[in-house]
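As C-alpha cells, the structure follows; a few thoughts come after it.
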Amino acid sequence: MRKKRAGTSRAEKHELVERAASVKIRAYAPYSRFRVGAALLTDEGDVFEGCNVENSSYSLTICAERNAVFQAVMSGRTSFRAIAISSDDDAFLPPCGACRQVLSEFSPSMEIILTNGRGKMKVLTLDALHPMPADLKMLARAERQ
C-alpha cells in the first residue's frame, strides 16, 4: 500500500496552473485546434510539462498529461503529487481514460487540478475520477498464491 501523500499548497496549485496554461501554446493541434497543457508535480518537487501533440492518424495522438508523465519517467521520476490540466474551453477538461490509467500506474490518489478557459479551478483526486484502474500487479499476486 502506498503512503498517503500530503496535498499541494495553494501556491503550488497556482504555479502548476500557470505552467499548464503557458505550455498549452506549444500544443501541436492542427486538426482539432484544441490545445491542452499539463504540469505534473513530483513527490520530489520537480515539475514536468506536457502539451498535446496530434497526428493525422488520430490514434497516434498523445495527450498533454501522458506527455508530461513520460517526460518525468524518462528523468527517473515515478511518484507524483498533482497534475494541472489547462485548455481554452469554458468547461473543465478531466483526463481521458488512457491518461487516467497511465497516471494511476504511478500515483493512484494524486490531485487533479482542472482549470478552464475562464481561469476557474476545480481540484479532484485521481481515485475519485478512476476508482477501479486496471492493475496487472494483481496478476503477480495471484500467481504467487
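Each chain of the C-alpha cells is named A, B, ... in the order shown, its residues numbered from 1; ligands are numbered from 1 in display order.
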Who sits within 7 Å of Leu114 (chain A), only C-alpha atoms, same chain under 5 positions skipped, as a PyMOL selection string: chain A and resi 84-86+92-94+121-123
Take the residues from that selection and put them in a file with N, CA and C atoms, as a tab-separated table (two decimals), in the first residue's frame.
```tsv
chain	number	residue	atom	x	y	z
A	84	ALA	N	-1.84	19.60	-13.08
A	84	ALA	CA	-2.78	20.63	-13.51
A	84	ALA	C	-2.99	20.46	-15.00
A	85	ILE	N	-4.24	20.62	-15.43
A	85	ILE	CA	-4.61	20.47	-16.83
A	85	ILE	C	-5.34	21.73	-17.27
A	86	SER	N	-4.87	22.32	-18.37
A	86	SER	CA	-5.43	23.58	-18.85
A	86	SER	C	-5.83	23.46	-20.31
A	92	PHE	N	-14.50	22.37	-17.64
A	92	PHE	CA	-13.34	21.72	-17.07
A	92	PHE	C	-13.05	20.46	-17.89
A	93	LEU	N	-11.79	20.21	-18.17
A	93	LEU	CA	-11.37	19.09	-19.01
A	93	LEU	C	-10.66	18.05	-18.14
A	94	PRO	N	-11.35	16.97	-17.77
A	94	PRO	CA	-10.68	15.92	-17.00
A	94	PRO	C	-9.81	15.07	-17.92
A	121	MET	N	-10.83	27.12	-11.26
A	121	MET	CA	-10.08	25.93	-10.88
A	121	MET	C	-10.99	24.97	-10.11
A	122	LYS	N	-10.79	23.68	-10.37
A	122	LYS	CA	-11.51	22.62	-9.65
A	122	LYS	C	-10.49	21.54	-9.31
A	123	VAL	N	-10.46	21.10	-8.04
A	123	VAL	CA	-9.49	20.10	-7.60
A	123	VAL	C	-10.22	18.80	-7.24
```
Per-residue DSSP, region 2-143 of chain A, filtered to alpha helix (DSSP H), as a PyMOL selection string: chain A and resi 10-23+64-74+97-106+126-129+137-143
Given only C-alpha atoms as the counted atoms, nearest of A:Thr115, A:Ser22, A:Ser9, A:Ser107 to Phe80 (chain A):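 Nearest to Phe80 (chain A): A:Ser107.
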Per-residue nearest contacts of region 56-141 of chain A to region 25-41 of chain A (8 Å; only C-alpha atoms) as JSON lines:
```
{"residue": "A:Ser56", "atom": "CA", "partner": "A:Tyr31", "partner_atom": "CA", "distance": 7.5}
{"residue": "A:Cys63", "atom": "CA", "partner": "A:Val36", "partner_atom": "CA", "distance": 7.7}
{"residue": "A:Ala64", "atom": "CA", "partner": "A:Ala38", "partner_atom": "CA", "distance": 5.4}
{"residue": "A:Glu65", "atom": "CA", "partner": "A:Ala38", "partner_atom": "CA", "distance": 5.5}
{"residue": "A:Ala68", "atom": "CA", "partner": "A:Leu40", "partner_atom": "CA", "distance": 6.3}
{"residue": "A:Val69", "atom": "CA", "partner": "A:Leu40", "partner_atom": "CA", "distance": 7.2}
{"residue": "A:Phe80", "atom": "CA", "partner": "A:Leu41", "partner_atom": "CA", "distance": 5.8}
{"residue": "A:Arg81", "atom": "CA", "partner": "A:Leu41", "partner_atom": "CA", "distance": 5.6}
{"residue": "A:Ala82", "atom": "CA", "partner": "A:Leu41", "partner_atom": "CA", "distance": 5.2}
{"residue": "A:Ile83", "atom": "CA", "partner": "A:Leu40", "partner_atom": "CA", "distance": 4.3}
{"residue": "A:Ala84", "atom": "CA", "partner": "A:Ala39", "partner_atom": "CA", "distance": 5.2}
{"residue": "A:Ile85", "atom": "CA", "partner": "A:Ala38", "partner_atom": "CA", "distance": 4.6}
{"residue": "A:Ser86", "atom": "CA", "partner": "A:Gly37", "partner_atom": "CA", "distance": 5.2}
{"residue": "A:Ser87", "atom": "CA", "partner": "A:Val36", "partner_atom": "CA", "distance": 4.7}
{"residue": "A:Asp88", "atom": "CA", "partner": "A:Arg35", "partner_atom": "CA", "distance": 6.8}
```
Those residues with C-alpha atoms, as a CSV table (one decimal), in the first residue's frame please?
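For reference, part_7.csv as written:
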```csv
chain,number,residue,atom,x,y,z
A,56,SER,CA,-3.3,12.8,-38.8
A,63,CYS,CA,-2.4,13.9,-24.7
A,64,ALA,CA,-0.7,16.6,-22.6
A,65,GLU,CA,-1.0,14.5,-19.4
A,68,ALA,CA,4.2,15.1,-19.0
A,69,VAL,CA,4.3,11.7,-17.3
A,80,PHE,CA,3.5,12.3,-8.4
A,81,ARG,CA,1.6,14.6,-6.1
A,82,ALA,CA,-0.5,16.6,-8.6
A,83,ILE,CA,-1.2,17.5,-12.2
A,84,ALA,CA,-2.8,20.6,-13.5
A,85,ILE,CA,-4.6,20.5,-16.8
A,86,SER,CA,-5.4,23.6,-18.8
A,87,SER,CA,-7.4,24.1,-22.0
A,88,ASP,CA,-9.1,27.0,-23.7
```
Å distance separating CA of Val47 (chain A) from CA of Asp135 (chain A), one decimal place: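 According to the coordinates, CA of Val47 (chain A) and CA of Asp135 (chain A) are separated by 26.0 Å.
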Between CA of Asp90 (chain A) and CA of Ala21 (chain A), distance in Å (one decimal): 13.5 Å
Gly97 (chain A) environment, 12 Å, only C-alpha atoms, sequence neighbours closer than 3 positions dropped, as number ranges by chain: A: 63, 65-66, 94, 100-104, 126, 129-134
Residues within 12 Å of Asp43 (chain A), only C-alpha atoms, excluding chain neighbours under 5 positions, as a VMD selection string: chain A and resid 3 to 8 48 72 76 to 83 106 to 107 110 to 111
Proximity to Gln71 (chain A) - best of A:Ala128, A:Ser57, A:Pro95, A:Gly50, only C-alpha atoms: A:Gly50
